[in-house]
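Visitor: Data file my_file09.cif (mmCIF, C-alpha atoms) is appended below.
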data_my_file
#
loop_
_atom_site.label_atom_id
_atom_site.label_comp_id
_atom_site.auth_asym_id
_atom_site.auth_seq_id
_atom_site.Cartn_x
_atom_site.Cartn_y
_atom_site.Cartn_z
CA MET A 1 -87.99 3.85 -42.07
CA THR A 2 -84.69 2.60 -40.66
CA GLU A 3 -82.51 0.41 -42.80
CA GLU A 4 -81.80 -3.06 -41.42
CA ARG A 5 -78.30 -3.48 -40.03
CA ALA A 6 -75.90 -5.51 -42.16
CA ALA A 7 -75.37 -9.11 -41.09
CA ARG A 8 -72.01 -9.46 -39.34
CA VAL A 9 -70.46 -12.70 -40.61
CA LEU A 10 -67.39 -14.71 -39.58
CA VAL A 11 -65.87 -17.25 -41.98
CA ALA A 12 -64.11 -20.40 -40.70
CA ASP A 13 -62.25 -22.66 -43.17
CA ASP A 14 -58.82 -24.23 -42.94
CA GLN A 15 -58.05 -23.91 -46.66
CA THR A 16 -56.63 -20.45 -47.30
CA VAL A 17 -57.76 -20.20 -50.92
CA VAL A 18 -61.30 -21.28 -50.06
CA ARG A 19 -61.48 -19.02 -47.01
CA GLU A 20 -60.26 -15.98 -48.91
CA GLY A 21 -62.60 -16.77 -51.79
CA ILE A 22 -65.62 -16.92 -49.48
CA VAL A 23 -64.60 -13.66 -47.81
CA MET A 24 -64.25 -12.00 -51.22
CA LEU A 25 -67.63 -13.35 -52.35
CA LEU A 26 -69.39 -12.17 -49.20
CA GLY A 27 -67.80 -8.75 -49.59
CA LEU A 28 -69.66 -8.34 -52.89
CA LEU A 29 -73.06 -9.11 -51.37
CA PRO A 30 -75.23 -6.26 -50.08
CA GLY A 31 -76.25 -6.38 -46.43
CA ILE A 32 -73.30 -8.51 -45.31
CA GLU A 33 -70.23 -7.38 -43.38
CA VAL A 34 -67.36 -9.84 -42.90
CA VAL A 35 -65.91 -9.26 -39.42
CA GLY A 36 -63.26 -11.97 -39.40
CA ALA A 37 -61.85 -15.18 -40.86
CA ALA A 38 -60.57 -18.21 -38.96
CA GLY A 39 -58.32 -21.04 -40.09
CA ASP A 40 -59.64 -23.64 -37.61
CA GLY A 41 -62.29 -24.20 -35.00
CA GLU A 42 -60.23 -22.92 -32.08
CA GLU A 43 -59.64 -19.62 -33.85
CA ALA A 44 -63.32 -19.44 -34.81
CA VAL A 45 -64.38 -19.76 -31.16
CA ALA A 46 -61.89 -17.05 -30.16
CA LEU A 47 -62.99 -14.68 -32.92
CA VAL A 48 -66.66 -15.12 -32.03
CA GLU A 49 -65.75 -14.11 -28.46
CA ARG A 50 -64.00 -11.03 -29.82
CA HIS A 51 -66.36 -9.88 -32.59
CA HIS A 52 -69.80 -11.29 -31.63
CA PRO A 53 -70.93 -11.95 -35.22
CA ASP A 54 -74.53 -12.63 -36.15
CA VAL A 55 -73.61 -15.67 -38.24
CA VAL A 56 -70.60 -17.98 -38.60
CA LEU A 57 -70.05 -19.77 -41.92
CA MET A 58 -68.42 -22.93 -40.60
CA ASP A 59 -66.37 -25.57 -42.39
CA LEU A 60 -66.48 -29.03 -40.77
CA ARG A 61 -63.14 -30.71 -41.42
CA MET A 62 -60.57 -28.48 -39.71
CA PRO A 63 -57.50 -29.12 -37.51
CA ARG A 64 -57.26 -28.58 -33.74
CA CYS A 65 -61.02 -28.23 -33.31
CA ASP A 66 -63.45 -29.42 -35.99
CA GLY A 67 -66.55 -27.56 -37.08
CA VAL A 68 -68.99 -29.63 -35.04
CA GLU A 69 -67.15 -29.04 -31.76
CA ALA A 70 -66.63 -25.36 -32.61
CA THR A 71 -70.35 -25.03 -33.35
CA ARG A 72 -71.24 -26.67 -30.04
CA ARG A 73 -68.94 -24.33 -28.11
CA ILE A 74 -70.09 -21.20 -29.94
CA ARG A 75 -73.78 -21.98 -29.51
CA ALA A 76 -73.29 -22.75 -25.81
CA ALA A 77 -71.38 -19.53 -25.05
CA HIS A 78 -73.05 -17.24 -27.61
CA PRO A 79 -76.59 -18.43 -28.38
CA GLU A 80 -77.26 -15.18 -30.23
CA THR A 81 -74.69 -16.22 -32.88
CA GLU A 82 -76.11 -18.56 -35.51
CA VAL A 83 -74.00 -21.11 -37.39
CA VAL A 84 -74.36 -22.06 -41.05
CA VAL A 85 -72.23 -25.01 -42.07
CA LEU A 86 -70.55 -24.56 -45.46
CA THR A 87 -68.81 -27.80 -46.37
CA THR A 88 -67.93 -30.20 -49.15
CA TYR A 89 -69.68 -33.03 -47.33
CA ALA A 90 -73.43 -33.77 -47.23
CA ASP A 91 -73.19 -37.28 -45.77
CA ASP A 92 -75.06 -38.35 -42.64
CA ASP A 93 -71.89 -38.45 -40.52
CA SER A 94 -71.37 -34.75 -41.24
CA LEU A 95 -74.93 -33.44 -41.48
CA PHE A 96 -76.60 -34.77 -38.34
CA PRO A 97 -73.82 -34.09 -35.80
CA ALA A 98 -73.62 -30.49 -37.07
CA LEU A 99 -77.37 -29.95 -36.70
CA GLN A 100 -77.35 -31.61 -33.27
CA ALA A 101 -74.50 -29.30 -32.22
CA GLY A 102 -76.71 -26.31 -32.94
CA ALA A 103 -76.10 -25.37 -36.57
CA ARG A 104 -79.21 -23.77 -38.08
CA GLY A 105 -78.04 -23.86 -41.67
CA TYR A 106 -76.19 -26.38 -43.81
CA LEU A 107 -74.90 -25.71 -47.33
CA THR A 108 -72.46 -27.51 -49.57
CA LYS A 109 -69.63 -25.55 -51.16
CA ASP A 110 -71.21 -25.63 -54.59
CA ALA A 111 -73.83 -23.18 -53.24
CA GLY A 112 -73.98 -19.90 -55.12
CA ALA A 113 -73.82 -16.39 -53.67
CA GLU A 114 -77.61 -16.04 -53.66
CA GLU A 115 -78.08 -19.31 -51.75
CA ILE A 116 -75.46 -18.33 -49.15
CA ALA A 117 -77.04 -14.90 -48.69
CA ARG A 118 -80.49 -16.48 -48.33
CA ALA A 119 -79.22 -18.95 -45.71
CA ILE A 120 -77.66 -16.11 -43.71
CA ALA A 121 -80.91 -14.13 -43.86
CA ASP A 122 -82.96 -17.21 -42.95
CA VAL A 123 -81.02 -18.09 -39.80
CA ARG A 124 -81.00 -14.45 -38.69
CA SER A 125 -84.78 -14.43 -38.92
CA GLY A 126 -85.08 -17.65 -36.92
CA ALA A 127 -85.67 -20.02 -39.83
CA ALA A 128 -83.48 -22.90 -40.99
CA GLY A 129 -81.02 -22.23 -43.80
CA LEU A 130 -80.86 -25.65 -45.44
CA SER A 131 -80.07 -26.24 -49.10
CA PRO A 132 -82.67 -28.27 -51.06
CA GLN A 133 -80.18 -31.16 -51.26
CA VAL A 134 -79.74 -31.17 -47.49
CA GLN A 135 -83.50 -30.88 -46.86
CA LEU A 136 -84.04 -33.94 -49.05
CA ARG A 137 -81.32 -35.88 -47.23
CA LEU A 138 -82.81 -34.93 -43.87
CA LEU A 139 -86.26 -36.07 -44.96
CA GLU A 140 -84.89 -39.34 -46.35
CA ARG A 141 -83.00 -40.06 -43.13
CA LEU A 142 -85.94 -39.27 -40.88
CA SER A 143 -88.30 -41.25 -43.09
CA GLY A 144 -85.92 -44.20 -43.09
CA GLN A 145 -85.63 -44.13 -39.32
CA HIS A 146 -89.38 -44.55 -39.04
CA GLY A 147 -90.06 -47.09 -41.72
CA GLY A 148 -90.42 -44.89 -44.81
CA SER A 149 -93.59 -43.20 -46.04
CA GLY A 150 -95.81 -45.68 -44.28
CA ALA A 151 -94.07 -45.26 -40.95
CA THR A 152 -95.84 -45.97 -37.74
CA ALA A 153 -93.78 -43.65 -35.58
CA GLU A 154 -94.03 -43.74 -31.83
CA ARG A 155 -96.65 -41.49 -30.23
CA PRO A 156 -97.03 -40.33 -26.67
CA ALA A 157 -99.39 -42.41 -24.59
CA GLY A 158 -103.01 -41.37 -25.04
CA ARG A 159 -106.17 -42.21 -26.90
CA PRO A 160 -105.73 -43.80 -30.35
CA GLY A 161 -105.30 -41.09 -32.95
CA GLU A 162 -104.79 -38.38 -30.32
CA LEU A 163 -102.43 -35.67 -31.51
CA PRO A 164 -99.38 -34.86 -29.34
CA ASP A 165 -98.88 -31.65 -27.35
CA GLY A 166 -102.43 -30.46 -27.85
CA LEU A 167 -102.09 -29.90 -31.60
CA THR A 168 -105.32 -29.28 -33.46
CA ALA A 169 -106.11 -31.21 -36.63
CA ARG A 170 -105.41 -28.13 -38.74
CA GLU A 171 -102.07 -27.49 -37.01
CA ALA A 172 -101.10 -31.13 -37.63
CA GLU A 173 -102.07 -30.71 -41.28
CA VAL A 174 -99.86 -27.63 -41.58
CA LEU A 175 -97.02 -29.49 -39.84
CA ALA A 176 -97.33 -32.39 -42.28
CA LEU A 177 -97.04 -29.95 -45.20
CA ILE A 178 -93.96 -28.37 -43.63
CA ALA A 179 -92.49 -31.89 -43.45
CA GLU A 180 -93.16 -32.23 -47.19
CA GLY A 181 -90.97 -29.15 -47.72
CA LEU A 182 -93.75 -26.72 -48.69
CA SER A 183 -93.32 -22.98 -48.18
CA ASN A 184 -95.91 -20.84 -46.39
CA ALA A 185 -97.27 -19.68 -49.74
CA GLU A 186 -97.57 -23.26 -51.01
CA ILE A 187 -99.29 -24.36 -47.80
CA ALA A 188 -101.75 -21.48 -48.10
CA GLN A 189 -102.52 -22.49 -51.68
CA ARG A 190 -102.93 -26.15 -50.75
CA LEU A 191 -105.30 -25.38 -47.85
CA PHE A 192 -107.15 -22.49 -49.54
CA VAL A 193 -106.33 -20.07 -46.73
CA SER A 194 -104.28 -16.86 -46.47
CA GLN A 195 -100.55 -16.83 -45.73
CA ALA A 196 -101.36 -14.90 -42.54
CA THR A 197 -103.52 -17.81 -41.39
CA VAL A 198 -100.75 -20.28 -42.18
CA LYS A 199 -98.27 -18.17 -40.20
CA THR A 200 -100.66 -18.15 -37.23
CA HIS A 201 -100.95 -21.95 -37.33
CA ILE A 202 -97.16 -22.28 -37.56
CA ASN A 203 -96.59 -19.93 -34.62
CA ASN A 204 -99.11 -21.90 -32.56
CA LEU A 205 -97.68 -25.32 -33.40
CA PHE A 206 -94.11 -24.11 -32.81
CA ALA A 207 -95.15 -22.88 -29.35
CA LYS A 208 -96.97 -26.12 -28.49
CA THR A 209 -94.19 -28.44 -29.69
CA ALA A 210 -91.28 -26.24 -28.50
CA VAL A 211 -89.53 -26.45 -31.88
CA ARG A 212 -87.52 -23.42 -32.95
CA ASP A 213 -87.40 -23.70 -36.73
CA ARG A 214 -88.62 -25.68 -39.73
CA ALA A 215 -85.79 -28.23 -39.51
CA GLN A 216 -86.82 -29.13 -35.95
CA ALA A 217 -90.46 -29.13 -37.04
CA VAL A 218 -89.66 -31.71 -39.74
CA ALA A 219 -87.91 -33.92 -37.18
CA TYR A 220 -90.89 -33.58 -34.80
CA ALA A 221 -93.36 -34.44 -37.56
CA PHE A 222 -91.55 -37.67 -38.47
CA ARG A 223 -90.95 -38.58 -34.85
CA HIS A 224 -94.70 -38.43 -34.16
CA GLY A 225 -95.88 -39.80 -37.50
CA ILE A 226 -97.49 -36.53 -38.59
CA THR A 227 -96.76 -36.87 -42.29
CA GLY A 228 -98.47 -37.47 -45.58
CA THR A 229 -102.20 -37.97 -45.22
CA GLN A 230 -102.23 -37.54 -41.44
CA GLN A 231 -105.76 -37.06 -40.19
#
The structure given in the file should be rewritten as structure tokens.
Guide:
Amino acid sequence: MTEERAARVLVADDQTVVREGIVMLLGLLPGIEVVGAAGDGEEAVALVERHHPDVVLMDLRMPRCDGVEATRRIRAAHPETEVVVLTTYADDDSLFPALQAGARGYLTKDAGAEEIARAIADVRSGAAGLSPQVQLRLLERLSGQHGGSGATAERPAGRPGELPDGLTAREAEVLALIAEGLSNAEIAQRLFVSQATVKTHINNLFAKTAVRDRAQAVAYAFRHGITGTQQ
């Protein structure tokens, strides 16, 4: 059995002490190889071009080129490189532009080593690496945009109650539970099915809705009103 290759990680932060601290912390974690460190977004873009890391840990507030613009440029030129934002800020003006630019993870700088390692592993596997605090903020924002828990979100034209994109009732139920923040194991327990069955439903609904990860699935669920006690 071959051992999985270490995650190649680039760190971008304009504060030298913070940057060096993150590099030192990552160096202590198994399965992670730090391939470079950048002091601003321009340098981060250049180092990604040179080293082709798997993941960039990206600060947001940096000179010359901020983290959002650097993320946008990196994801456009190197879609195989994932970006996890690691910042002091969890406000809407920071969170949503970063996710829209292509970041697949978002952590605040009080995250511990285990949480950072988990986010790196998550985005490498195609999942979203969002801290619980950020997941809650995302849900609150999306819920607020559509009128809270009793939202009547817009639906595509069709028969009343018709599910979008050909989703089955069970797939919509699984999607609603994803939007509640439940894991695959928790969804399986709630629906009295196996985790393999849950994974099959998730793969099917991801394919039908063209979402790439759980963060996009949450946004889709709220956009189409597939939340709570959706039937």
Visitor: Could you state the separation of CA of Val174 (chain A) and CA of Gly126 (chain A) in Å, given to one decimal place?
Guide: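 Between CA of Val174 (chain A) and CA of Gly126 (chain A) the gap is 18.4 Å.
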Visitor: Give as a ChimeraX atom specification every residue, naming chains and numbers as the document does, that has an atom within 10 Å of (-69.7, -34.0, -45.5), counting all atoms listed in the file.
Guide: /A:59-61,85-96,98,107-108
Visitor: Pick the closest to Ala221 (chain A) from A:Glu162, A:Glu43, A:Glu173, A:Glu80: which is it, counting all atoms listed in the file?
Guide: A:Glu173
Visitor: For the structure provided, state which residues fall under the PyMOL selection byres ((chain A and resi 109-119) around 9), and present them as an MDAnalysis selection string.
Guide: chainID A and resid 25:26 29:32 84 86:89 105:108 120:124 127:131
Visitor: Calculated over all atoms listed in the file, which of the candidates A:Glu180, A:Glu42, A:Asp165, A:Asp54 has the smallest distance to Val9 (chain A)?
Guide: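 Nearest to Val9 (chain A): A:Asp54.
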Visitor: Specify as JSON, numbers by chain each residue included when the PyMOL selection byres ((chain A and resi 179) around 10) is applied to this file.
Guide: {"A": [135, 139, 173, 174, 175, 176, 177, 178, 180, 181, 182, 214, 215, 216, 217, 218, 219, 220, 221, 222, 226, 227, 228]}
Visitor: Those selected residues, please, written with C-alpha atoms and delivered as a PDB file, in the frame of the given file.
Guide:
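What ended up in again.pdb:
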ATOM      1  CA  GLN A 135     -83.500 -30.880 -46.860  1.00  0.00           C
ATOM      2  CA  LEU A 139     -86.260 -36.070 -44.960  1.00  0.00           C
ATOM      3  CA  GLU A 173    -102.070 -30.710 -41.280  1.00  0.00           C
ATOM      4  CA  VAL A 174     -99.860 -27.630 -41.580  1.00  0.00           C
ATOM      5  CA  LEU A 175     -97.020 -29.490 -39.840  1.00  0.00           C
ATOM      6  CA  ALA A 176     -97.330 -32.390 -42.280  1.00  0.00           C
ATOM      7  CA  LEU A 177     -97.040 -29.950 -45.200  1.00  0.00           C
ATOM      8  CA  ILE A 178     -93.960 -28.370 -43.630  1.00  0.00           C
ATOM      9  CA  GLU A 180     -93.160 -32.230 -47.190  1.00  0.00           C
ATOM     10  CA  GLY A 181     -90.970 -29.150 -47.720  1.00  0.00           C
ATOM     11  CA  LEU A 182     -93.750 -26.720 -48.690  1.00  0.00           C
ATOM     12  CA  ARG A 214     -88.620 -25.680 -39.730  1.00  0.00           C
ATOM     13  CA  ALA A 215     -85.790 -28.230 -39.510  1.00  0.00           C
ATOM     14  CA  GLN A 216     -86.820 -29.130 -35.950  1.00  0.00           C
ATOM     15  CA  ALA A 217     -90.460 -29.130 -37.040  1.00  0.00           C
ATOM     16  CA  VAL A 218     -89.660 -31.710 -39.740  1.00  0.00           C
ATOM     17  CA  ALA A 219     -87.910 -33.920 -37.180  1.00  0.00           C
ATOM     18  CA  TYR A 220     -90.890 -33.580 -34.800  1.00  0.00           C
ATOM     19  CA  ALA A 221     -93.360 -34.440 -37.560  1.00  0.00           C
ATOM     20  CA  PHE A 222     -91.550 -37.670 -38.470  1.00  0.00           C
ATOM     21  CA  ILE A 226     -97.490 -36.530 -38.590  1.00  0.00           C
ATOM     22  CA  THR A 227     -96.760 -36.870 -42.290  1.00  0.00           C
ATOM     23  CA  GLY A 228     -98.470 -37.470 -45.580  1.00  0.00           C
TER      24      GLY A 228
END
Visitor: Just checking: using all atoms listed in the file, which residue out of A:Ala210, A:Ala172, A:Ala7, A:Val198 ends up closest to Gly225 (chain A)?
Guide: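 Counting all atoms listed in the file, the residue closest to Gly225 (chain A) is A:Ala172.
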Visitor: Could you tell me how far CA of Val134 (chain A) lies from CA of Pro97 (chain A), in Å and to one decimal?
Guide: 13.4 Å
Visitor: Would you compute the distance between CA of Ile22 (chain A) and CA of Leu47 (chain A)? Give it in Å to one decimal.
Guide: 16.9 Å
Visitor: Rank nothing, just name the residue among A:Leu205, A:Val34, A:Ile74, A:Ala12 nearest to Leu167 (chain A), using only C-alpha atoms.
Guide: A:Leu205
Visitor: So which residues get picked by the PyMOL selection byres ((chain A and resi 101) around 10) here, written as a PDB file with C-alpha atoms, in the frame of the given file?
Guide:
ATOM      1  CA  GLY A  67     -66.550 -27.560 -37.080  1.00  0.00           C
ATOM      2  CA  VAL A  68     -68.990 -29.630 -35.040  1.00  0.00           C
ATOM      3  CA  GLU A  69     -67.150 -29.040 -31.760  1.00  0.00           C
ATOM      4  CA  ALA A  70     -66.630 -25.360 -32.610  1.00  0.00           C
ATOM      5  CA  THR A  71     -70.350 -25.030 -33.350  1.00  0.00           C
ATOM      6  CA  ARG A  72     -71.240 -26.670 -30.040  1.00  0.00           C
ATOM      7  CA  ARG A  73     -68.940 -24.330 -28.110  1.00  0.00           C
ATOM      8  CA  ILE A  74     -70.090 -21.200 -29.940  1.00  0.00           C
ATOM      9  CA  ARG A  75     -73.780 -21.980 -29.510  1.00  0.00           C
ATOM     10  CA  ALA A  76     -73.290 -22.750 -25.810  1.00  0.00           C
ATOM     11  CA  VAL A  83     -74.000 -21.110 -37.390  1.00  0.00           C
ATOM     12  CA  PHE A  96     -76.600 -34.770 -38.340  1.00  0.00           C
ATOM     13  CA  PRO A  97     -73.820 -34.090 -35.800  1.00  0.00           C
ATOM     14  CA  ALA A  98     -73.620 -30.490 -37.070  1.00  0.00           C
ATOM     15  CA  LEU A  99     -77.370 -29.950 -36.700  1.00  0.00           C
ATOM     16  CA  GLN A 100     -77.350 -31.610 -33.270  1.00  0.00           C
ATOM     17  CA  GLY A 102     -76.710 -26.310 -32.940  1.00  0.00           C
ATOM     18  CA  ALA A 103     -76.100 -25.370 -36.570  1.00  0.00           C
ATOM     19  CA  ARG A 104     -79.210 -23.770 -38.080  1.00  0.00           C
TER      20      ARG A 104
END
Visitor: Once 3 Å is added on each side, what are the centre and the three edge lengths, in Å to one decimal, of the axis-aligned box enclosing the listed atoms of region 70-79 of chain A? Present them as AutoDock Vina command-line options.
Guide:
--center_x -71.6 --center_y -22.0 --center_z -29.2 --size_x 16.0 --size_y 15.4 --size_z 14.3
Visitor: Show which residues sit within 7 Å of Val11 (chain A), as a compact mmCIF listing (two decimals) with C-alpha atoms, in the coordinates of the input. Count all atoms listed in the file, and ignore same-chain residues fewer than 6 positions away.
Guide:
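Now in part-v5.txt:
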# COMPACT_ATOMS: atom_id res chain seq x y z
CA ARG A 19 -61.48 -19.02 -47.01
CA VAL A 23 -64.60 -13.66 -47.81
CA GLY A 36 -63.26 -11.97 -39.40
CA ALA A 37 -61.85 -15.18 -40.86
CA ALA A 38 -60.57 -18.21 -38.96
CA VAL A 56 -70.60 -17.98 -38.60
CA LEU A 57 -70.05 -19.77 -41.92
CA MET A 58 -68.42 -22.93 -40.60
Visitor: Would you mind telling me which residue in A:Val55, A:Ala46, A:Ala196, A:Leu28 lies nearest to Arg8 (chain A) when using only C-alpha atoms?
Guide: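 Closest to Arg8 (chain A), using only C-alpha atoms: A:Val55.
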